[in-house]
Structure formats: structure tokens, C-alpha cells
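Worksheet: one structure, shown below.
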Amino acid sequence: MEAKISGLSRLGSAISGFLAVIGRFFAEFGTAMAKGDLFVKLSLILWGAGYFRRKQYVKAVLMTLLEIAVIAFTLNFAMAYVPKFGTLGTVQAEQVFNIQTMQSEWNDYDNSFMILLFSLFSFVVWFAAAVVCLRNVVNAYELQKQAQCGKHINTFIEDVKEYFDRKFHITLLTLPALGIIVFTLIPMLLLILVAFTNYDQQHMPPTNLFTWVGLSNFVALFGGNITSTFGYAFVRVLGWTIVWSFFATLTTYFGGILMSLLLNSKLTRGTKIWRTMLVVTIAVPQFVSLLLMRNFFANTGIMNTICAKIGLTGFLRSIGLISTSYIPFLSAPIWAHVMIILINIWVGIPYQMLIATGVLMNLPTDQLESARIDGASPFQIFKSITMPYMLQVTGPALVTDFVKNFNNFNVIYLLTQDVFVTTNQLMANSQAKEVDLLVTWLFTLTQDYYNYKMASVIGIMVFIVCAVFTLIGFNFMISGDKEGTYQ
């Protein structure tokens with residue numbers, strides 16, 4: 001209970017801190033507009049005015065050029081798309097016969113996707129320009145206060161030197177921040193916006209238009225539409241995704257720790273050979289090893305051949321566990337679920353074993369020796385010292401492993417693609433299978449059926465589940481004062 005309260009407290013503190021930063025920013029802007037001179041106020045319209053008044057001519061020119069660039073971007077680029085954002089286009093693509101050229105030509109049609117993408121990009125640019133504009137007024141007011149107090153006002157060269165000295169962190173973070181905005185923020189916002197449209201195979205740009213449909217896609221996903229089976233499929237796929245993530249994470253985590261303890265035991269012989277054999281599974285790409293395992297456990301694979309020869313297939317059929325002439329390792333829901341988890345253990349334990357080996361090397365030997373002297377059994381030492389230490393050090397990694405398995409595309413796709421075919425018509429109507437994770441279902445919807453609207457909704461659900469679990473998990477793992485426990 002204390003850990004949960006601490007986690008909620010941390011989350012509340014983070015939100016409060018973020019709101020405080022925003023409040024402070026607007027408070028500084030309000031003070032600058034209220035107490036600044038004419039040139040400070042004019043900086044809201046002419047970005048270089050405040051710098052020009054304080055004889056920072058290079059900065060004044062640069063800010064003026066930036067303002068001109070924003071205006072040119074707005075007039076020459078943004079205004080071609082943003083006015084159409086409300087409808088996402090109204091002119092359908094069609095070929096029109098041109099009497100002058102005696103040829104059929106495409107008309108000046110609208111592309112809904114380009115309108116959506118470039119409008120979003122324009123909004124981001126405008127937001128950034130607004131922040132720069134407001135911050136520019138605050139900076140102009142700071143220069144005014146320096147001038148009134150008789151303090152030295154830096155030249156442009158001195159300002160540049162500061163960005164390689166006192167403000168070097170800003171220089172280092174500028175390029176990564178731009179990369180996050182361009183390659184993470186904009187695609188994520190685009191994904192969210194597509195979820196509120198009817199962008200699918202019947203509304204595929206550029207030949208067709210798509211438009212806004214509000215919350216109808218979310219209603220379809222959560223079963224509000226009686227003609228849609230997406231709600232039925234979503235509940236089952238989400239349930240299997242959570243079950244898979246839980247078992248795939250815990251089995252490899254604890255299996256890796258136990259394997260590391262076994263290989264580090266003085267009673268084990270040939271540890272180098274065993275460790276090398278296990279590491280081979282990491283060295284071989286999953287694209288190769290998982291495809292081989294898929295063929296190995298296929299309905300006509302070598303494993304079914306062996307099971308048939310030793311009589312196992314007939315025995316399972318006689319007791320009613322199977323009704324086919326083969327064992328459906330990867331072609332029946334329950335069998336496939338179990339086999340996928342077992343195969344993942346084989347793939348994942350060696351990696352966790354290497355991590356556990358590195359952590360166990362730093363295990364406090366004095367506590368282990370004291371426990372042995374006090375008569376503690378190996379199991380008691382493992383339960384009271386080894387495992388708590390492992391959880392303390394690798395706890396955050398355990399959370400990330402769960403999220404990674406939640407989106408583990410490789411294992412599911414490579415083991416079941418072209419092998420598992422669902423017999424559940426309701427699942428098939430939503431282009432889903434019993435062995436699908438949310439991420440593989442999303443992939444199928446986009447790559448095979450071009451149902452981008454529902455894929456976007458599912459993508460939002462994946463983000464929400466992962467974000468909530470990550471926040472709760474990290475807050476739980478790092479809560480409390482555990483730093484001095486093993487010092």
C-alpha cells in the first residue's frame with residue numbers, strides 16, 4: 001500500500017511540476033508585457049525589435065529572418081493544406097478529357113492524407129513559433145532589466161560561446177529534441193488523428209478521399225456497433241497479449257536467474273561448454289532460429305513425425321486431446337499458446353542468464369557468508385538475499401521486458417505466419433487470430449487489409465496500456481529507500 005501511495009505521489013509530483021513550468025512561463029511573459037518598454041512589447045510583432053534596441057544587431061537580424069521564414073511557410077505551404085483540414089478534401093480524383101491536348105488528364109484533386117499530414121506539420125511549426133515568439137518577449141525584457149541596472153549585455157559572439165560553455169546542455173539536446181519531434185511526436189499525433197477518420201481500403205488516397213468520423217471507430221472497437229466484430233476480437237487478443245507478456249517475461253527472467261546460479265555453482269562441470277551452447281541462441285538471428293522452429297513443429301514437421309513413430313500422437317488422440325492425425329503444435333489455439341511460450345523460453349533465457357550473471361558477480365559476499373554461518377539453507381539464501389538483490393537491481397529492466405514482450409512482433413509473427421489459420425468466424429471477420437498480439441493484429445490490418453483507421457485505434461490502445469503499466473511498474477520498483485540495503 002505504501003508503494004502504491006508513493007507511486008501516485010511521484011506521478012502527482014511530476015504532473016504538478018509540469019504545470020508549474022507552464023505557469024511560470026506564462027507568468028514571465030505577462031510580467032514582460034506589463035513592465036516592458038515599447039520595444040519589448042513590439043517584439044511580439046517584430047521579433048527583432050527588442051534585440052535591435054539593445055544593440056544586439058546580429059540576433060535582431062536572425063530573429064527577423066526567422067519570423068519572415070515562418071510567414072513565408074504559412075503563406076506558401078501551410079495555407080494550401082490547413083484550410084482543408086476540417087473536411088480533409090472535397091475534390092475527388094478523376095480523369096478529365098482535355099480538348100486542347102486530346103488526352104485524358106488528372107484533375108486538380110485533393111489528397112486527404114497529405115492534407116492531414118501537412119496540416120499537422122503546420123500546427124507543430126506554428127506551436128513552436130508561438131513558443132519562440134513568447135520566449136523572445138521575455139528575453140527582450142531581461143535585456144531591458146540588464147540595461148537599466150547597468151549590467152553588461154553580451155555580444156553575439158559571447159552568446160555563442162555560452163552555448164559551448166554554461167549552456168552546452170542546450171546545444172547537445174537541440175538535435176535529439178528535433179529528432180523526437182519529427183520522428184516520434186508527429187507520427188504519434190498522426191496516428192491519433194487517423195483513428196478519428198474512415199481511412200481504409202475503400203477510402204484510399206489519392207484516388208479516394210477519407211474524412212472525419214468522430215468516435216465511431218472507438219465505438220466499433222469496444223463493441224458498441226452490433227454489426228462490428230472488432231469488440232469481440234479486441235477482448236480476446238488483448239487477453240492473450242497480457243497472458244503472453246506475463247508468462248514470457250517471468251519465465252525468461254526467473255529461468256535466466258536459475259540458469260545463472262546453476263552455471264556459477266561449484267558443483268557444475270563444463271560450465272564454459274554449457275554457457276557457450278546457450279549463448280549460441282543469441283548469436284543466431286531470430287529470423288533464422290524461429291523459422292526453423294516453426295518448420296520443426298509444423299503439422300508435417302519432424303517433431304510430428306517423431307511423435308507419430310513413438311505412438312504419442314495416437315495416445316493423445318485416444319484420450320481425446322487431439323482429433324487430427326498430427327499434433328497441432330502451432331495450428332490450434334491452446335497448443336499454439338503453450339508452444340509459443342515454451343519456444344520463447346528457449347530464446348529468452350540465455351539473454352537473461354547473461355544479465356543475471358553480471359548482477360550476481362556483485363552480490364555482497366559478506367552477507368552470503370554470514371547467512372551460511374548462521375545456518376541458512378541455499379533456498380533461504382536465495383529467497384532472502386539473492387532474489388531481493390536481483391529485483392532491486394533489475395526491477396526496472398523487468399518492467400521494460402514486459403513492455404517489450406507486449407509488443408514482441410518477431411516471436412509471434414515468425415512462428416505462426418502461414419501456419420495458424422483461425423476457425424473462429426468472428427475473429428476472421430476482424431482479420432484477427434487467436435495467437436495474435438495487438439501489435440501483430442495491427443500489422444495485419446495495415447499491411448494486408450489497409451484498414452488504417454482501426455489499426456490506429458488499436459495503436460492508441462497499445463500505447464495507453466504500455467504507458468499505464470510502465471508508470472505503475474517503475475513507480476513501484478523505485479519506491480521506498482532501498483539504496484542502502486546492500487551497502
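Just remember, in the C-alpha cells the first chain shown is A, the second B, etc., residues are 1-based per chain, and ligands are 1-based in the order shown.
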Which residues of range 195-311 of chain A come within 10 Å of range 417-421 of chain A, and for each one, what is the closest pair of atoms and their distance in Å to one decimal, counting only C-alpha atoms, sorted by chain and residue number, as CSV?
```
residue,atom,partner,partner_atom,distance
A:Leu291,CA,A:Gln417,CA,9.7
A:Arg294,CA,A:Val419,CA,8.2
A:Asn295,CA,A:Val419,CA,9.2
A:Ala298,CA,A:Val419,CA,7.3
A:Asn299,CA,A:Val419,CA,8.5
```
(request) Determine, counting only C-alpha atoms, which protein, DNA and RNA residues have an atom within 8 Å of an atom of Phe409 in chain A; residues of the same chain fewer than 6 positions away are not included. Present the result as a ChimeraX atom specification. (result) /A:437,439-440
Residue subset to file, keeping N, CA, C and O atoms, as a PDB file, in the first residue's frame:
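Output file selection_16.pdb is given in full below:
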```
ATOM      1  N   LEU A 437      -0.972 -10.994 -31.153  1.00  0.00           N
ATOM      2  CA  LEU A 437      -0.857  -9.910 -30.191  1.00  0.00           C
ATOM      3  C   LEU A 437      -1.476  -8.669 -30.812  1.00  0.00           C
ATOM      4  O   LEU A 437      -1.750  -8.629 -32.009  1.00  0.00           O
ATOM      5  N   VAL A 439      -0.036  -5.989 -31.505  1.00  0.00           N
ATOM      6  CA  VAL A 439       0.875  -5.420 -32.496  1.00  0.00           C
ATOM      7  C   VAL A 439       0.845  -6.219 -33.799  1.00  0.00           C
ATOM      8  O   VAL A 439       0.931  -5.636 -34.891  1.00  0.00           O
ATOM      9  N   THR A 440       0.715  -7.546 -33.737  1.00  0.00           N
ATOM     10  CA  THR A 440       0.643  -8.331 -34.970  1.00  0.00           C
ATOM     11  C   THR A 440      -0.716  -8.157 -35.642  1.00  0.00           C
ATOM     12  O   THR A 440      -0.817  -8.187 -36.870  1.00  0.00           O
TER      13      THR A 440
END
```
Can you check which parts of range 142-245 of chain A lie within 10 Å of range 69-92 of chain A? Per residue, the shortest pair of atoms and distance in Å to one decimal, counting only C-alpha atoms, sorted by chain and number, as JSON lines.
```
{"residue": "A:Thr197", "atom": "CA", "partner": "A:Leu88", "partner_atom": "CA", "distance": 9.5}
{"residue": "A:Pro205", "atom": "CA", "partner": "A:Gln92", "partner_atom": "CA", "distance": 9.6}
{"residue": "A:Pro206", "atom": "CA", "partner": "A:Gln92", "partner_atom": "CA", "distance": 8.6}
{"residue": "A:Thr207", "atom": "CA", "partner": "A:Gln92", "partner_atom": "CA", "distance": 7.1}
{"residue": "A:Asn208", "atom": "CA", "partner": "A:Gln92", "partner_atom": "CA", "distance": 6.3}
{"residue": "A:Leu209", "atom": "CA", "partner": "A:Gln92", "partner_atom": "CA", "distance": 6.6}
{"residue": "A:Phe210", "atom": "CA", "partner": "A:Leu88", "partner_atom": "CA", "distance": 6.9}
{"residue": "A:Thr211", "atom": "CA", "partner": "A:Leu88", "partner_atom": "CA", "distance": 5.6}
{"residue": "A:Trp212", "atom": "CA", "partner": "A:Thr87", "partner_atom": "CA", "distance": 7.1}
```
(request) Name all residues at most 10 Å from Ala195 in chain A (count only C-alpha atoms; drop same-chain ones fewer than 6 positions away) and give them as a PyMOL selection string. (result) chain A and resi 212-218+452-460
(request) Go through A:Gln201, A:Thr155, A:Asn407, A:Thr386 and flag the residue nearest Thr357 in chain A, using only C-alpha atoms for the distances. (result) A:Thr386
(message) So that I can check the surroundings of range 175-186 of chain A, please list as a PyMOL selection string every protein, DNA and RNA residue that reaches within 10 Å of it, counting only C-alpha atoms and ignoring chain neighbours fewer than 6 positions away.
(response) chain A and resi 117+120-121+124+192
Once you have the residues from the selection above, write them out as an mmCIF file, in the first residue's frame, restricted to C-alpha atoms.
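What follows is the written file again_37.cif:
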```cif
data_model
loop_
_atom_site.group_PDB
_atom_site.id
_atom_site.type_symbol
_atom_site.label_atom_id
_atom_site.label_comp_id
_atom_site.auth_asym_id
_atom_site.auth_seq_id
_atom_site.Cartn_x
_atom_site.Cartn_y
_atom_site.Cartn_z
ATOM 1 C CA LEU A 117 -0.049 15.188 -42.578
ATOM 2 C CA LEU A 120 -0.420 18.555 -38.589
ATOM 3 C CA PHE A 121 3.125 19.565 -39.512
ATOM 4 C CA VAL A 124 3.556 21.839 -34.893
ATOM 5 C CA ILE A 192 -4.118 9.563 -33.182
#
```
(request) Find the distance between CA of Pro333 in chain A and CA of Val435 in chain A and write it in Å to one decimal. (result) 6.6 Å
(request) Using DSSP on the backbone coordinates, identify all residues within range 162-247 of chain A classified as helix (DSSP H, G or I); present the result as a count of residues only. (result) 55
(request) Within 6 Å of range 42-48 of chain A, counting only C-alpha atoms, which residues show up once you throw out same-chain ones fewer than 4 positions away? Write them as a PyMOL selection string, please. (result) chain A and resi 38+60+63-64+137
Take the residues that were just selected and, keeping all heavy atoms, output them as a PDB file, in the first residue's frame.
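As a result, part02.pdb now contains:
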```
ATOM      1  N   LEU A  38       8.440  49.968 -24.882  1.00  0.00           N
ATOM      2  CA  LEU A  38       7.809  49.863 -26.189  1.00  0.00           C
ATOM      3  C   LEU A  38       8.455  48.792 -27.053  1.00  0.00           C
ATOM      4  O   LEU A  38       7.763  48.043 -27.750  1.00  0.00           O
ATOM      5  CB  LEU A  38       7.880  51.224 -26.900  1.00  0.00           C
ATOM      6  CG  LEU A  38       7.349  51.259 -28.334  1.00  0.00           C
ATOM      7  CD1 LEU A  38       5.857  50.911 -28.354  1.00  0.00           C
ATOM      8  CD2 LEU A  38       7.587  52.632 -28.962  1.00  0.00           C
ATOM      9  N   ALA A  60      19.035  40.437 -33.746  1.00  0.00           N
ATOM     10  CA  ALA A  60      17.861  41.093 -34.312  1.00  0.00           C
ATOM     11  C   ALA A  60      17.624  40.635 -35.746  1.00  0.00           C
ATOM     12  O   ALA A  60      16.485  40.344 -36.145  1.00  0.00           O
ATOM     13  CB  ALA A  60      18.043  42.606 -34.251  1.00  0.00           C
ATOM     14  N   MET A  63      16.444  36.854 -35.724  1.00  0.00           N
ATOM     15  CA  MET A  63      15.052  36.697 -35.312  1.00  0.00           C
ATOM     16  C   MET A  63      14.102  37.245 -36.363  1.00  0.00           C
ATOM     17  O   MET A  63      13.022  36.680 -36.600  1.00  0.00           O
ATOM     18  CB  MET A  63      14.816  37.404 -33.979  1.00  0.00           C
ATOM     19  CG  MET A  63      15.529  36.777 -32.796  1.00  0.00           C
ATOM     20  SD  MET A  63      15.152  35.025 -32.557  1.00  0.00           S
ATOM     21  CE  MET A  63      13.398  35.092 -32.224  1.00  0.00           C
ATOM     22  N   THR A  64      14.506  38.318 -37.023  1.00  0.00           N
ATOM     23  CA  THR A  64      13.671  38.857 -38.099  1.00  0.00           C
ATOM     24  C   THR A  64      13.586  37.879 -39.259  1.00  0.00           C
ATOM     25  O   THR A  64      12.510  37.650 -39.834  1.00  0.00           O
ATOM     26  CB  THR A  64      14.238  40.205 -38.585  1.00  0.00           C
ATOM     27  OG1 THR A  64      14.292  41.115 -37.480  1.00  0.00           O
ATOM     28  CG2 THR A  64      13.361  40.784 -39.681  1.00  0.00           C
ATOM     29  N   VAL A 137       9.895  37.667 -26.246  1.00  0.00           N
ATOM     30  CA  VAL A 137       9.467  38.830 -25.470  1.00  0.00           C
ATOM     31  C   VAL A 137      10.095  38.802 -24.080  1.00  0.00           C
ATOM     32  O   VAL A 137      10.567  39.840 -23.569  1.00  0.00           O
ATOM     33  CB  VAL A 137       7.930  38.875 -25.368  1.00  0.00           C
ATOM     34  CG1 VAL A 137       7.476  39.999 -24.445  1.00  0.00           C
ATOM     35  CG2 VAL A 137       7.312  39.035 -26.750  1.00  0.00           C
TER      36      VAL A 137
END
```
(request) May I have the residues within 12 Å of Ala32 in chain A as a list in words, using only C-alpha atoms and disregarding those fewer than 6 positions away in the same chain? (result)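 Answer for this query is Phe25, Phe26, Leu38, Phe39, Val40, Lys41, Leu42, Ser43, Leu44, Gly50, Leu134, Arg135, Asn136, Val137, Val138, Asn139, Ala140, Tyr141, Glu142, Leu143, Gln144 and Lys145 of chain A.
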(request) Fewer than 2 positions away in the same chain doesn't count, so skip those; otherwise give me all residues within 10 Å of range 302-306 of chain A, counting only C-alpha atoms, as number ranges by chain. (result) A: 293, 295-300, 308-313, 325-329
Write out the residues from the selection above, keeping N, CA and C atoms, as a tab-separated table (two decimals), in the first residue's frame.
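part.tsv, freshly written:
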```tsv
chain	number	residue	atom	x	y	z
A	293	MET	N	12.27	-23.30	-36.01
A	293	MET	CA	11.39	-23.89	-35.02
A	293	MET	C	9.97	-24.03	-35.56
A	295	ASN	N	9.12	-24.62	-38.69
A	295	ASN	CA	9.12	-25.81	-39.55
A	295	ASN	C	9.27	-27.09	-38.73
A	296	PHE	N	10.02	-27.00	-37.64
A	296	PHE	CA	10.25	-28.17	-36.79
A	296	PHE	C	8.95	-28.66	-36.17
A	297	PHE	N	8.09	-27.71	-35.74
A	297	PHE	CA	6.83	-28.06	-35.08
A	297	PHE	C	5.62	-27.93	-36.00
A	298	ALA	N	5.83	-27.85	-37.29
A	298	ALA	CA	4.71	-27.76	-38.24
A	298	ALA	C	3.92	-29.07	-38.24
A	299	ASN	N	2.73	-29.02	-38.84
A	299	ASN	CA	1.87	-30.22	-38.86
A	299	ASN	C	2.54	-31.38	-39.56
A	300	THR	N	3.39	-31.08	-40.52
A	300	THR	CA	4.13	-32.15	-41.23
A	300	THR	C	5.61	-32.10	-40.90
A	308	ALA	N	4.60	-39.39	-34.02
A	308	ALA	CA	3.78	-40.44	-34.64
A	308	ALA	C	4.47	-41.80	-34.54
A	309	LYS	N	5.79	-41.83	-34.72
A	309	LYS	CA	6.52	-43.10	-34.69
A	309	LYS	C	6.59	-43.70	-33.30
A	310	ILE	N	6.69	-42.85	-32.29
A	310	ILE	CA	6.77	-43.38	-30.92
A	310	ILE	C	5.39	-43.62	-30.31
A	311	GLY	N	4.32	-43.31	-31.05
A	311	GLY	CA	2.97	-43.58	-30.58
A	311	GLY	C	2.34	-42.49	-29.75
A	312	LEU	N	3.02	-41.37	-29.59
A	312	LEU	CA	2.46	-40.29	-28.78
A	312	LEU	C	1.24	-39.66	-29.42
A	313	THR	N	1.27	-39.52	-30.74
A	313	THR	CA	0.13	-38.92	-31.45
A	313	THR	C	-1.13	-39.77	-31.27
A	325	SER	N	-4.64	-36.28	-37.21
A	325	SER	CA	-3.59	-37.29	-37.36
A	325	SER	C	-2.22	-36.74	-37.00
A	326	TYR	N	-2.18	-35.54	-36.51
A	326	TYR	CA	-0.93	-34.89	-36.11
A	326	TYR	C	-1.20	-34.07	-34.86
A	327	ILE	N	-0.15	-33.67	-34.18
A	327	ILE	CA	-0.28	-32.80	-33.02
A	327	ILE	C	-0.23	-31.36	-33.50
A	328	PRO	N	-1.28	-30.58	-33.28
A	328	PRO	CA	-1.31	-29.20	-33.81
A	328	PRO	C	-0.50	-28.24	-32.93
A	329	PHE	N	0.83	-28.43	-32.93
A	329	PHE	CA	1.66	-27.62	-32.06
A	329	PHE	C	1.44	-26.11	-32.28
```
(request) Tell me which of A:Val58, A:Leu471, A:Val280, A:Ile334 sits closest to Trp240 in chain A, counting only C-alpha atoms. (result) A:Ile334
